[in-house]
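What's in run26.tsv: TSV, C-alpha atoms
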```tsv
chain	number	residue	atom	x	y	z
Q	1	MET	CA	84.80	57.95	87.27
Q	2	THR	CA	87.01	59.79	84.80
Q	3	GLN	CA	85.32	62.47	82.72
Q	4	ASN	CA	86.65	62.57	79.16
Q	5	TYR	CA	87.11	65.50	76.78
Q	6	ASP	CA	88.64	66.08	73.39
Q	7	LEU	CA	90.60	69.00	74.81
Q	8	ILE	CA	91.41	70.20	78.29
Q	9	VAL	CA	92.72	73.75	78.58
Q	10	ILE	CA	94.53	74.48	81.85
Q	11	GLY	CA	94.00	78.12	82.78
Q	12	GLU	CA	91.17	80.59	82.32
Q	13	GLY	CA	93.22	83.64	81.42
Q	14	ILE	CA	92.89	85.27	78.01
Q	15	SER	CA	94.99	82.56	76.31
Q	16	GLY	CA	93.01	79.72	77.80
Q	17	LEU	CA	89.59	81.26	77.30
Q	18	THR	CA	90.38	82.14	73.67
Q	19	CYS	CA	91.69	78.65	72.92
Q	20	ALA	CA	88.65	77.00	74.49
Q	21	SER	CA	86.34	79.32	72.55
Q	22	HIS	CA	87.81	78.41	69.16
Q	23	ALA	CA	88.00	74.71	70.02
Q	24	VAL	CA	84.38	74.35	71.15
Q	25	ARG	CA	83.17	76.21	68.08
Q	26	ALA	CA	85.13	73.73	65.97
Q	27	GLY	CA	82.98	70.96	67.44
Q	28	LEU	CA	85.33	69.67	70.14
Q	29	LYS	CA	84.26	68.68	73.65
Q	30	VAL	CA	86.22	71.14	75.79
Q	31	ALA	CA	86.85	71.75	79.49
Q	32	THR	CA	88.87	74.48	81.19
Q	33	LEU	CA	90.53	74.06	84.58
Q	34	GLU	CA	91.35	77.02	86.82
Q	35	ALA	CA	92.86	77.08	90.30
Q	36	ASN	CA	92.04	80.71	91.03
Q	37	LEU	CA	89.71	83.39	89.72
Q	38	PHE	CA	89.16	83.33	85.95
Q	39	GLY	CA	90.88	86.05	83.93
Q	40	GLY	CA	94.41	85.73	85.27
Q	41	LEU	CA	96.69	88.75	85.26
Q	42	VAL	CA	94.44	90.69	82.87
Q	43	LEU	CA	92.22	91.39	85.89
Q	44	ASN	CA	94.90	93.87	87.01
Q	45	VAL	CA	94.50	95.88	83.79
Q	46	ASN	CA	92.11	98.70	84.67
Q	47	GLU	CA	92.24	100.45	81.28
Q	48	LEU	CA	92.18	98.11	78.28
Q	49	ASP	CA	93.07	99.31	74.78
Q	50	GLY	CA	92.04	97.64	71.55
Q	51	TYR	CA	89.07	95.60	72.79
Q	52	PRO	CA	85.76	97.27	71.87
Q	53	GLY	CA	83.10	96.76	74.50
Q	54	ALA	CA	85.60	95.93	77.25
Q	55	LYS	CA	86.84	98.89	79.28
Q	56	SER	CA	88.93	96.78	81.66
Q	57	GLY	CA	90.52	93.36	81.91
Q	58	THR	CA	87.68	92.28	84.19
Q	59	ASP	CA	85.10	93.25	81.55
Q	60	LEU	CA	86.97	91.29	78.88
Q	61	ALA	CA	87.43	88.13	80.94
Q	62	SER	CA	83.84	88.15	82.23
Q	63	GLY	CA	82.46	88.45	78.72
Q	64	MET	CA	84.65	85.61	77.47
Q	65	MET	CA	83.67	83.33	80.36
Q	66	GLN	CA	79.99	83.91	79.68
Q	67	ALA	CA	80.39	83.32	75.94
Q	68	ASN	CA	82.30	80.09	76.55
Q	69	ALA	CA	79.66	78.80	78.95
Q	70	GLU	CA	76.94	79.51	76.41
Q	71	ALA	CA	78.97	77.74	73.70
Q	72	GLY	CA	79.31	74.59	75.82
Q	73	VAL	CA	82.73	74.83	77.47
Q	74	THR	CA	82.82	73.06	80.86
Q	75	SER	CA	84.52	75.23	83.49
Q	76	ILE	CA	86.08	73.31	86.37
Q	77	GLN	CA	87.36	75.32	89.34
Q	78	GLU	CA	90.10	73.01	90.60
Q	79	PRO	CA	93.90	73.31	90.83
Q	80	VAL	CA	95.82	70.94	88.58
Q	81	ALA	CA	98.27	68.65	90.36
Q	82	GLY	CA	99.73	66.84	87.36
Q	83	ILE	CA	99.39	65.46	83.84
Q	84	ARG	CA	100.29	61.96	82.68
Q	85	ALA	CA	100.03	60.01	79.44
Q	86	ALA	CA	97.25	57.42	79.51
Q	87	GLY	CA	95.44	55.34	76.90
Q	88	GLY	CA	96.74	57.23	73.90
Q	89	GLY	CA	95.79	60.54	75.49
Q	90	PHE	CA	96.26	62.14	78.90
Q	91	GLU	CA	94.90	62.15	82.41
Q	92	VAL	CA	94.81	65.49	84.22
Q	93	ALA	CA	94.78	65.16	87.99
Q	94	ALA	CA	92.97	67.93	89.84
Q	95	GLY	CA	90.19	67.65	92.42
Q	96	GLY	CA	89.03	64.79	90.21
Q	97	THR	CA	90.68	62.97	87.31
Q	98	TYR	CA	89.88	64.14	83.78
Q	99	GLY	CA	90.75	62.46	80.51
Q	100	ALA	CA	91.74	64.39	77.39
Q	101	ARG	CA	92.91	63.52	73.91
Q	102	GLN	CA	94.97	66.74	73.86
Q	103	VAL	CA	96.00	69.25	76.55
Q	104	VAL	CA	96.77	72.95	76.27
Q	105	ILE	CA	98.69	74.53	79.15
Q	106	ALA	CA	97.62	78.16	79.39
Q	107	SER	CA	98.18	78.59	83.11
Q	108	GLY	CA	99.92	81.94	82.73
Q	109	ALA	CA	102.20	83.50	85.28
Q	110	ARG	CA	102.01	85.06	88.70
Q	111	LEU	CA	103.51	88.23	90.06
Q	112	LYS	CA	106.97	87.76	91.52
Q	113	LYS	CA	107.45	88.42	95.19
Q	114	LEU	CA	110.06	90.86	96.43
Q	115	GLY	CA	111.42	88.18	98.72
Q	116	VAL	CA	112.13	90.61	101.54
Q	117	PRO	CA	111.45	90.38	105.30
Q	118	GLY	CA	107.89	91.38	106.17
Q	119	GLU	CA	106.39	90.69	102.74
Q	120	LYS	CA	104.78	87.38	103.63
Q	121	GLU	CA	103.96	88.41	107.19
Q	122	PHE	CA	101.98	91.49	106.08
Q	123	GLU	CA	100.15	89.90	103.14
Q	124	GLY	CA	96.61	91.25	103.36
Q	125	ARG	CA	97.66	93.68	106.10
Q	126	GLY	CA	99.20	96.32	103.85
Q	127	VAL	CA	101.00	94.15	101.30
Q	128	SER	CA	98.89	93.80	98.16
Q	129	SER	CA	99.14	93.12	94.45
Q	130	CYS	CA	95.84	94.63	93.32
Q	131	ALA	CA	95.29	98.37	93.47
Q	132	ASP	CA	91.87	98.08	91.83
Q	133	CYS	CA	90.80	95.75	94.66
Q	134	ASP	CA	92.43	97.44	97.63
Q	135	ALA	CA	93.00	101.13	96.82
Q	136	PRO	CA	89.89	102.38	98.68
Q	137	MET	CA	91.32	100.92	101.90
Q	138	PHE	CA	94.25	103.34	101.63
Q	139	GLN	CA	92.19	106.54	101.47
Q	140	ASN	CA	94.41	109.54	102.34
Q	141	GLU	CA	97.36	107.26	103.20
Q	142	GLU	CA	100.89	107.10	101.79
Q	143	VAL	CA	101.80	103.91	99.90
Q	144	VAL	CA	104.75	102.42	98.02
Q	145	VAL	CA	104.60	100.85	94.55
Q	146	VAL	CA	107.66	98.82	93.52
Q	147	GLY	CA	108.52	98.47	89.83
Q	148	GLY	CA	108.95	100.40	86.62
Q	149	GLY	CA	106.83	98.69	83.97
Q	150	ASP	CA	103.28	99.15	82.69
Q	151	SER	CA	101.66	97.36	85.64
Q	152	ALA	CA	103.51	99.36	88.27
Q	153	LEU	CA	102.60	102.68	86.69
Q	154	GLN	CA	98.97	101.76	86.03
Q	155	GLU	CA	98.53	100.66	89.63
Q	156	ALA	CA	100.24	103.80	90.92
Q	157	LEU	CA	97.79	105.92	88.92
Q	158	VAL	CA	94.84	104.01	90.40
Q	159	LEU	CA	96.21	104.46	93.92
Q	160	ALA	CA	96.73	108.18	93.33
Q	161	LYS	CA	92.95	108.57	93.07
Q	162	PHE	CA	92.63	107.55	96.73
Q	163	CYS	CA	95.97	108.07	98.46
Q	164	ARG	CA	97.60	111.21	99.79
Q	165	LYS	CA	100.95	110.19	98.30
Q	166	VAL	CA	102.22	107.33	96.13
Q	167	HIS	CA	105.97	106.60	96.12
Q	168	ILE	CA	107.19	104.57	93.13
Q	169	VAL	CA	110.39	102.77	94.07
Q	170	HIS	CA	112.33	101.63	91.00
Q	171	ARG	CA	115.73	100.00	90.91
Q	172	GLY	CA	116.55	101.61	87.56
Q	173	SER	CA	117.01	105.17	86.35
Q	174	ARG	CA	114.18	105.10	83.80
Q	175	PHE	CA	110.81	103.40	83.41
Q	176	ARG	CA	110.26	100.39	81.13
Q	177	ALA	CA	106.60	101.32	80.64
Q	178	GLN	CA	104.83	102.58	77.56
Q	179	LYS	CA	105.25	106.29	76.94
Q	180	HIS	CA	101.68	107.31	77.74
Q	181	PHE	CA	101.81	105.61	81.15
Q	182	THR	CA	105.11	107.35	81.84
Q	183	ASN	CA	103.65	110.71	80.84
Q	184	TYR	CA	100.56	110.29	83.02
Q	185	THR	CA	102.68	109.19	85.97
Q	186	THR	CA	105.22	112.01	85.85
Q	187	ALA	CA	102.39	114.54	85.49
Q	188	GLU	CA	100.51	113.27	88.56
Q	189	PRO	CA	101.35	115.52	91.55
Q	190	LYS	CA	100.50	112.82	94.10
Q	191	ILE	CA	103.17	110.47	92.70
Q	192	SER	CA	106.83	110.74	93.67
Q	193	ILE	CA	109.53	108.62	92.02
Q	194	ILE	CA	112.48	107.19	93.91
Q	195	TRP	CA	115.05	106.06	91.34
Q	196	ASN	CA	117.92	103.55	91.68
Q	197	THR	CA	116.43	102.15	94.87
Q	198	THR	CA	115.28	98.77	96.19
Q	199	VAL	CA	113.02	97.74	99.04
Q	200	GLU	CA	115.00	95.86	101.70
Q	201	ALA	CA	112.24	95.14	104.23
Q	202	ILE	CA	108.62	95.86	105.12
Q	203	LEU	CA	108.07	96.87	108.72
Q	204	GLY	CA	105.19	97.31	111.11
Q	205	ALA	CA	103.26	95.92	114.06
Q	206	LYS	CA	99.75	94.70	113.19
Q	207	MET	CA	99.78	96.51	109.83
Q	208	VAL	CA	102.45	97.83	107.46
Q	209	GLU	CA	103.96	101.04	108.84
Q	210	LYS	CA	107.28	101.51	107.05
Q	211	ALA	CA	109.43	100.35	104.15
Q	212	ARG	CA	113.20	100.13	104.43
Q	213	LEU	CA	114.86	101.31	101.23
Q	214	LYS	CA	118.42	100.94	99.96
Q	215	ARG	CA	120.07	103.43	97.61
Q	216	ASP	CA	123.75	103.95	96.88
Q	217	GLY	CA	124.68	101.51	99.64
Q	218	LYS	CA	122.72	103.45	102.25
Q	219	THR	CA	119.42	102.53	103.90
Q	220	GLU	CA	116.54	104.72	104.96
Q	221	GLU	CA	112.99	104.13	106.18
Q	222	ILE	CA	109.89	105.85	104.85
Q	223	ALA	CA	106.42	105.77	106.34
Q	224	THR	CA	103.87	103.83	104.31
Q	225	ALA	CA	100.57	102.08	104.93
Q	226	GLY	CA	100.91	99.74	101.97
Q	227	VAL	CA	103.38	98.10	99.59
Q	228	PHE	CA	102.37	97.02	96.07
Q	229	ALA	CA	105.01	95.07	94.12
Q	230	TYR	CA	105.10	94.69	90.31
Q	231	VAL	CA	108.61	93.43	89.59
Q	232	GLY	CA	108.01	90.79	86.95
Q	233	LEU	CA	106.39	87.41	86.51
Q	234	GLU	CA	107.13	83.74	87.07
Q	235	PRO	CA	105.31	80.93	85.22
Q	236	ASN	CA	102.64	78.72	86.76
Q	237	ALA	CA	104.20	75.52	85.44
Q	238	GLY	CA	104.92	73.41	88.51
Q	239	PHE	CA	102.32	70.77	87.57
Q	240	ALA	CA	103.65	70.25	84.01
Q	241	PRO	CA	105.41	66.91	83.36
Q	242	SER	CA	109.13	67.01	84.10
Q	243	GLY	CA	109.84	65.72	80.60
Q	244	ILE	CA	108.76	69.03	79.08
Q	245	GLY	CA	111.69	71.37	78.48
Q	246	ARG	CA	111.95	74.64	80.36
Q	247	ASP	CA	114.06	77.76	79.90
Q	248	GLU	CA	116.15	79.47	82.57
Q	249	ARG	CA	113.05	81.23	83.95
Q	250	GLY	CA	111.04	78.02	84.18
Q	251	GLN	CA	108.82	78.76	81.18
Q	252	LEU	CA	107.79	75.82	79.00
Q	253	VAL	CA	109.69	75.41	75.74
Q	254	THR	CA	107.64	74.79	72.59
Q	255	ASP	CA	108.23	74.43	68.87
Q	256	GLY	CA	107.02	76.98	66.34
Q	257	ALA	CA	103.51	75.53	66.48
Q	258	PHE	CA	103.44	75.90	70.32
Q	259	GLU	CA	103.63	72.15	70.97
Q	260	THR	CA	105.89	71.00	73.79
Q	261	SER	CA	108.36	68.12	73.64
Q	262	MET	CA	105.49	65.84	74.74
Q	263	LYS	CA	103.35	65.34	71.64
Q	264	GLY	CA	99.77	66.32	72.36
Q	265	ILE	CA	100.61	68.83	75.09
Q	266	TRP	CA	100.73	72.45	73.97
Q	267	ALA	CA	101.67	75.66	75.79
Q	268	ILE	CA	100.52	79.21	75.07
Q	269	GLY	CA	100.66	82.64	76.68
Q	270	ALA	CA	102.76	83.70	79.65
Q	271	VAL	CA	103.64	80.15	80.71
Q	272	ARG	CA	105.49	79.66	77.38
Q	273	ALA	CA	109.11	80.58	76.68
Q	274	GLY	CA	109.24	83.36	74.10
Q	275	TYR	CA	105.80	84.84	74.78
Q	276	SER	CA	105.75	88.54	73.89
Q	277	GLY	CA	103.55	89.66	76.78
Q	278	LEU	CA	100.97	91.20	74.45
Q	279	LEU	CA	97.30	90.23	74.73
Q	280	ARG	CA	96.86	90.20	70.97
Q	281	ASP	CA	99.66	87.64	70.69
Q	282	ALA	CA	98.10	85.51	73.42
Q	283	ALA	CA	94.85	85.45	71.47
Q	284	ALA	CA	96.64	84.64	68.20
Q	285	GLU	CA	98.59	81.77	69.78
Q	286	ALA	CA	95.38	80.40	71.28
Q	287	GLN	CA	93.57	80.40	67.94
Q	288	ARG	CA	96.46	78.70	66.14
Q	289	VAL	CA	96.65	75.93	68.72
Q	290	ALA	CA	92.89	75.36	68.75
Q	291	GLU	CA	93.00	74.96	64.97
Q	292	ALA	CA	96.01	72.62	65.20
Q	293	VAL	CA	94.24	70.46	67.80
Q	294	ARG	CA	91.09	70.32	65.67
Q	295	ASP	CA	93.09	69.25	62.62
Q	296	ARG	CA	94.93	66.56	64.57
Q	297	LEU	CA	91.75	65.11	66.03
Q	298	ASP	CA	89.80	65.10	62.74
```
Could you write out this file's structure as C-alpha cells?
Amino acid sequence: MTQNYDLIVIGEGISGLTCASHAVRAGLKVATLEANLFGGLVLNVNELDGYPGAKSGTDLASGMMQANAEAGVTSIQEPVAGIRAAGGGFEVAAGGTYGARQVVIASGARLKKLGVPGEKEFEGRGVSSCADCDAPMFQNEEVVVVGGGDSALQEALVLAKFCRKVHIVHRGSRFRAQKHFTNYTTAEPKISIIWNTTVEAILGAKMVEKARLKRDGKTEEIATAGVFAYVGLEPNAGFAPSGIGRDERGQLVTDGAFETSMKGIWAIGAVRAGYSGLLRDAAAEAQRVAEAVRDRLD
C-alpha cells in the first residue's frame, strides 16, 4: 500500500533536514528518505563555525534530526531507486513506494574517488574518507591526505593529533582552502606538504603499505599506512528522472526558484548546479523551497 505525503524530501543532509523542518512547521505532511547515515557530508566537518550550540557537523545534524522527529517528520531509511509522475503528483520508489504531491531532491554529493589502482581493493584496510572516524586506528603511523581544499586540510589536522606524520599530496602549487585552515596546517610540525604531485597507485599486501606518487613526470613511492582522499564531489543524482536537465558535472539544473524542468520536483544543496558549497546557502535554499511548496499546495 502506497503511503502518501504532501512533500517527500530525498536526503537527510543539512539541505534536506532544513527543508523538511520548515515544511512540517507550515502544516505539511512530510517524509524524508535517506540511503545512508543522516547528516551527509557535514558529518566530516569536525569544527563548525556560525552555528551556536553545535561544535561539529555531527552535533548539528543530530540536533536537526531530533527536532524534525519531534515536529512530526517521518524519517525513512531507504535508498531511492526512482521518481515518476503519478496521479497529479509523484511516486518515489525506494524499499517501498511512497506518494507525494511535491518532491525535493536534496541528496547532496559524495566524495570523488581517486580512481587509481589499489583504492577500491584497500577500502577499509587503509583507504578511508573520514579522519574523525578512523584517525585513532593510525596512532603513530604515517598517512597520506590527498587534496588542497578545506576538507583535506581539516582532516589532515585531525590526523596530526594521532599520527607520527601526515603527508598532504596536492596536485597544485597552493591550497584552495580558507586562510585559517592554511595557517594551521603550515604551522603544524607533523604535516608535510608535497606540491604539484598526484597519487598514481596505492600499494600493499593485506593493508595499505605505500603510495606511488608522480611529480614532474617521475614516480616515487612513500611508506604510508593510510590514504585519505578529498579531491572534490560528485552529485548523488542517479535516481532522478532522465527528463531533468543536468550540467557537465551531472548536477541537476534548476530555475531561480530551485525548481527543475519537471514541475513539482525541486533540487537544493550540493546536488544542484550552481550551489555555492556554503552551509548557510543550503539552509537558505531549503527554506525558500519549503515556502514555495507550501504556497503551491495551499
Closest pair table for range 203-270 of chain Q residues within 12 Å of range 160-169 of chain Q, all atoms listed in the file, as JSON lines:
```
{"residue": "Q:Ala211", "atom": "CA", "partner": "Q:Val169", "partner_atom": "CA", "distance": 10.4}
{"residue": "Q:Arg212", "atom": "CA", "partner": "Q:Val169", "partner_atom": "CA", "distance": 11.1}
{"residue": "Q:Leu213", "atom": "CA", "partner": "Q:Val169", "partner_atom": "CA", "distance": 8.6}
{"residue": "Q:Lys214", "atom": "CA", "partner": "Q:Val169", "partner_atom": "CA", "distance": 10.1}
{"residue": "Q:Arg215", "atom": "CA", "partner": "Q:Val169", "partner_atom": "CA", "distance": 10.3}
{"residue": "Q:Ile222", "atom": "CA", "partner": "Q:His167", "partner_atom": "CA", "distance": 9.6}
{"residue": "Q:Ala223", "atom": "CA", "partner": "Q:His167", "partner_atom": "CA", "distance": 10.3}
{"residue": "Q:Thr224", "atom": "CA", "partner": "Q:His167", "partner_atom": "CA", "distance": 8.9}
{"residue": "Q:Ala225", "atom": "CA", "partner": "Q:Cys163", "partner_atom": "CA", "distance": 9.9}
{"residue": "Q:Gly226", "atom": "CA", "partner": "Q:Val166", "partner_atom": "CA", "distance": 9.7}
{"residue": "Q:Val227", "atom": "CA", "partner": "Q:His167", "partner_atom": "CA", "distance": 9.5}
{"residue": "Q:Phe228", "atom": "CA", "partner": "Q:Ile168", "partner_atom": "CA", "distance": 9.4}
{"residue": "Q:Ala229", "atom": "CA", "partner": "Q:Val169", "partner_atom": "CA", "distance": 9.4}
{"residue": "Q:Tyr230", "atom": "CA", "partner": "Q:Val169", "partner_atom": "CA", "distance": 10.4}
{"residue": "Q:Val231", "atom": "CA", "partner": "Q:Val169", "partner_atom": "CA", "distance": 10.5}
```
Exercise for review: One decimal, Å: what's the distance from CA of Gly108 in chain Q over to CA of Ala71 in chain Q, could you say?
Suggested key: 23.2 Å
Point to revise | Interatomic distance, CA of Gly63 in chain Q to CA of Arg280 in chain Q (Å, one decimal) | key: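 Between CA of Gly63 in chain Q and CA of Arg280 in chain Q the gap works out to 16.4 Å.
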Point to revise | Shell around range 258-272 of chain Q at 6 Å using all atoms listed in the file, local window under 6 positions removed, as a PyMOL selection string | key: chain Q and resi 15+102-106+108-109+235+244+251-252+282
I need the residues from that last selection saved to file as a short mmCIF file (atom, residue, chain, number, x, y, z; two decimals), keeping the file's coordinate frame (with C-alpha atoms), if you can.
```cif
data_model
loop_
_atom_site.label_atom_id
_atom_site.label_comp_id
_atom_site.auth_asym_id
_atom_site.auth_seq_id
_atom_site.Cartn_x
_atom_site.Cartn_y
_atom_site.Cartn_z
CA SER Q 15 94.99 82.56 76.31
CA GLN Q 102 94.97 66.74 73.86
CA VAL Q 103 96.00 69.25 76.55
CA VAL Q 104 96.77 72.95 76.27
CA ILE Q 105 98.69 74.53 79.15
CA ALA Q 106 97.62 78.16 79.39
CA GLY Q 108 99.92 81.94 82.73
CA ALA Q 109 102.20 83.50 85.28
CA PRO Q 235 105.31 80.93 85.22
CA ILE Q 244 108.76 69.03 79.08
CA GLN Q 251 108.82 78.76 81.18
CA LEU Q 252 107.79 75.82 79.00
CA ALA Q 282 98.10 85.51 73.42
#
```
**Study point:** Distance criterion (all atoms listed in the file): nearest to Lys120 in chain Q out of Q:Trp195, Q:Ala69, Q:Ala201, Q:Thr186
**Key:**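 The answer is Q:Ala201, which sits nearest to Lys120 in chain Q.
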For the point (95.2, 60.7, 81.9) in file coordinates, what residues are within 9 Å, counting all atoms listed in the file? Give the answer as a PDB file with C-alpha atoms, in the coordinates of the input?
```pdb
ATOM      1  CA  THR Q   2      87.010  59.790  84.800  1.00  0.00           C
ATOM      2  CA  ILE Q  83      99.390  65.460  83.840  1.00  0.00           C
ATOM      3  CA  ARG Q  84     100.290  61.960  82.680  1.00  0.00           C
ATOM      4  CA  ALA Q  85     100.030  60.010  79.440  1.00  0.00           C
ATOM      5  CA  ALA Q  86      97.250  57.420  79.510  1.00  0.00           C
ATOM      6  CA  GLY Q  87      95.440  55.340  76.900  1.00  0.00           C
ATOM      7  CA  GLY Q  88      96.740  57.230  73.900  1.00  0.00           C
ATOM      8  CA  GLY Q  89      95.790  60.540  75.490  1.00  0.00           C
ATOM      9  CA  PHE Q  90      96.260  62.140  78.900  1.00  0.00           C
ATOM     10  CA  GLU Q  91      94.900  62.150  82.410  1.00  0.00           C
ATOM     11  CA  VAL Q  92      94.810  65.490  84.220  1.00  0.00           C
ATOM     12  CA  ALA Q  93      94.780  65.160  87.990  1.00  0.00           C
ATOM     13  CA  THR Q  97      90.680  62.970  87.310  1.00  0.00           C
ATOM     14  CA  TYR Q  98      89.880  64.140  83.780  1.00  0.00           C
ATOM     15  CA  GLY Q  99      90.750  62.460  80.510  1.00  0.00           C
ATOM     16  CA  ALA Q 100      91.740  64.390  77.390  1.00  0.00           C
ATOM     17  CA  ARG Q 101      92.910  63.520  73.910  1.00  0.00           C
TER      18      ARG Q 101
END
```
Exercise for review: Rounded to one decimal place, report the CA of Asp134 in chain Q-CA of Val158 in chain Q distance in Å.
Suggested key: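 Between these atoms lies a distance of 10.1 Å.
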Study note, to complete from the structure: Restricting to only C-alpha atoms, whichever of Q:Glu141, Q:Asp150, Q:Glu209, Q:Asp59 is closest to Phe122 in chain Q is Q:Glu209
Exercise for review: Would you mind telling me which residue in Q:Thr18, Q:Ser56, Q:Ser107, Q:Asn4 lies nearest to Ala237 in chain Q when using all atoms listed in the file?
Suggested key: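 Going through Q:Thr18, Q:Ser56, Q:Ser107, Q:Asn4 one by one, the smallest distance to Ala237 in chain Q is for Q:Ser107.
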Exercise for review: Tell me which of Q:Ala283, Q:Ala187, Q:Ala35, Q:Val24 sits closest to Glu70 in chain Q, counting all atoms listed in the file.
Suggested key: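 The answer is Q:Val24, which sits nearest to Glu70 in chain Q.
Taking all atoms listed in the file into account, Asp255 in chain Q lies nearest to Q:Val289 out of the set Q:Pro241, Q:Leu233, Q:Val289, Q:Gly13.
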Point to revise | range 123-129 of chain Q environment, 12 Å, all atoms listed in the file, sequence neighbours closer than 3 positions dropped, as a VMD selection string | key: chain Q and resid 41 43 to 45 110 to 114 116 to 120 132 to 135 137 to 138 141 to 147 151 to 152 155 to 156 159 201 to 211 224 to 232
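The shortest atom-to-atom distance to Gly40 in chain Q, with all atoms listed in the file taken into account, belongs to Q:Ile10 out of Q:Val73, Q:Ala23, Q:Leu153, Q:Ile10.
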With N, CA, C and O atoms as the target, complete range 212-224 of chain Q and hand it back as a PDB file, in the frame of the given file.
```pdb
ATOM      1  N   ARG Q 212     111.774  99.813 104.368  1.00  0.00           N
ATOM      2  CA  ARG Q 212     113.200 100.130 104.430  1.00  0.00           C
ATOM      3  C   ARG Q 212     113.759 100.085 103.011  1.00  0.00           C
ATOM      4  O   ARG Q 212     113.640  99.073 102.322  1.00  0.00           O
ATOM      5  N   LEU Q 213     114.350 101.179 102.589  1.00  0.00           N
ATOM      6  CA  LEU Q 213     114.860 101.310 101.230  1.00  0.00           C
ATOM      7  C   LEU Q 213     116.386 101.340 101.227  1.00  0.00           C
ATOM      8  O   LEU Q 213     117.010 101.780 102.192  1.00  0.00           O
ATOM      9  N   LYS Q 214     116.963 100.894 100.109  1.00  0.00           N
ATOM     10  CA  LYS Q 214     118.420 100.940  99.960  1.00  0.00           C
ATOM     11  C   LYS Q 214     118.771 101.647  98.664  1.00  0.00           C
ATOM     12  O   LYS Q 214     118.275 101.297  97.594  1.00  0.00           O
ATOM     13  N   ARG Q 215     119.624 102.661  98.773  1.00  0.00           N
ATOM     14  CA  ARG Q 215     120.070 103.430  97.610  1.00  0.00           C
ATOM     15  C   ARG Q 215     121.516 103.848  97.820  1.00  0.00           C
ATOM     16  O   ARG Q 215     121.872 104.386  98.869  1.00  0.00           O
ATOM     17  N   ASP Q 216     122.325 103.591  96.820  1.00  0.00           N
ATOM     18  CA  ASP Q 216     123.750 103.950  96.880  1.00  0.00           C
ATOM     19  C   ASP Q 216     124.429 103.388  98.128  1.00  0.00           C
ATOM     20  O   ASP Q 216     125.256 104.061  98.772  1.00  0.00           O
ATOM     21  N   GLY Q 217     124.060 102.164  98.498  1.00  0.00           N
ATOM     22  CA  GLY Q 217     124.680 101.510  99.640  1.00  0.00           C
ATOM     23  C   GLY Q 217     124.179 101.972 100.986  1.00  0.00           C
ATOM     24  O   GLY Q 217     124.615 101.467 102.028  1.00  0.00           O
ATOM     25  N   LYS Q 218     123.255 102.928 101.000  1.00  0.00           N
ATOM     26  CA  LYS Q 218     122.720 103.450 102.250  1.00  0.00           C
ATOM     27  C   LYS Q 218     121.246 103.064 102.394  1.00  0.00           C
ATOM     28  O   LYS Q 218     120.527 102.943 101.414  1.00  0.00           O
ATOM     29  N   THR Q 219     120.810 102.870 103.643  1.00  0.00           N
ATOM     30  CA  THR Q 219     119.420 102.530 103.900  1.00  0.00           C
ATOM     31  C   THR Q 219     118.688 103.675 104.570  1.00  0.00           C
ATOM     32  O   THR Q 219     119.286 104.479 105.289  1.00  0.00           O
ATOM     33  N   GLU Q 220     117.407 103.746 104.311  1.00  0.00           N
ATOM     34  CA  GLU Q 220     116.540 104.720 104.960  1.00  0.00           C
ATOM     35  C   GLU Q 220     115.155 104.104 105.098  1.00  0.00           C
ATOM     36  O   GLU Q 220     114.816 103.155 104.373  1.00  0.00           O
ATOM     37  N   GLU Q 221     114.349 104.613 105.984  1.00  0.00           N
ATOM     38  CA  GLU Q 221     112.990 104.130 106.180  1.00  0.00           C
ATOM     39  C   GLU Q 221     112.000 105.238 105.860  1.00  0.00           C
ATOM     40  O   GLU Q 221     112.215 106.391 106.236  1.00  0.00           O
ATOM     41  N   ILE Q 222     110.948 104.874 105.135  1.00  0.00           N
ATOM     42  CA  ILE Q 222     109.890 105.850 104.850  1.00  0.00           C
ATOM     43  C   ILE Q 222     108.571 105.291 105.374  1.00  0.00           C
ATOM     44  O   ILE Q 222     108.343 104.079 105.376  1.00  0.00           O
ATOM     45  N   ALA Q 223     107.725 106.177 105.831  1.00  0.00           N
ATOM     46  CA  ALA Q 223     106.420 105.770 106.340  1.00  0.00           C
ATOM     47  C   ALA Q 223     105.518 105.373 105.178  1.00  0.00           C
ATOM     48  O   ALA Q 223     105.472 106.050 104.147  1.00  0.00           O
ATOM     49  N   THR Q 224     104.811 104.276 105.337  1.00  0.00           N
ATOM     50  CA  THR Q 224     103.870 103.830 104.310  1.00  0.00           C
ATOM     51  C   THR Q 224     102.839 102.905 104.942  1.00  0.00           C
ATOM     52  O   THR Q 224     103.161 102.146 105.869  1.00  0.00           O
TER      53      THR Q 224
END
```
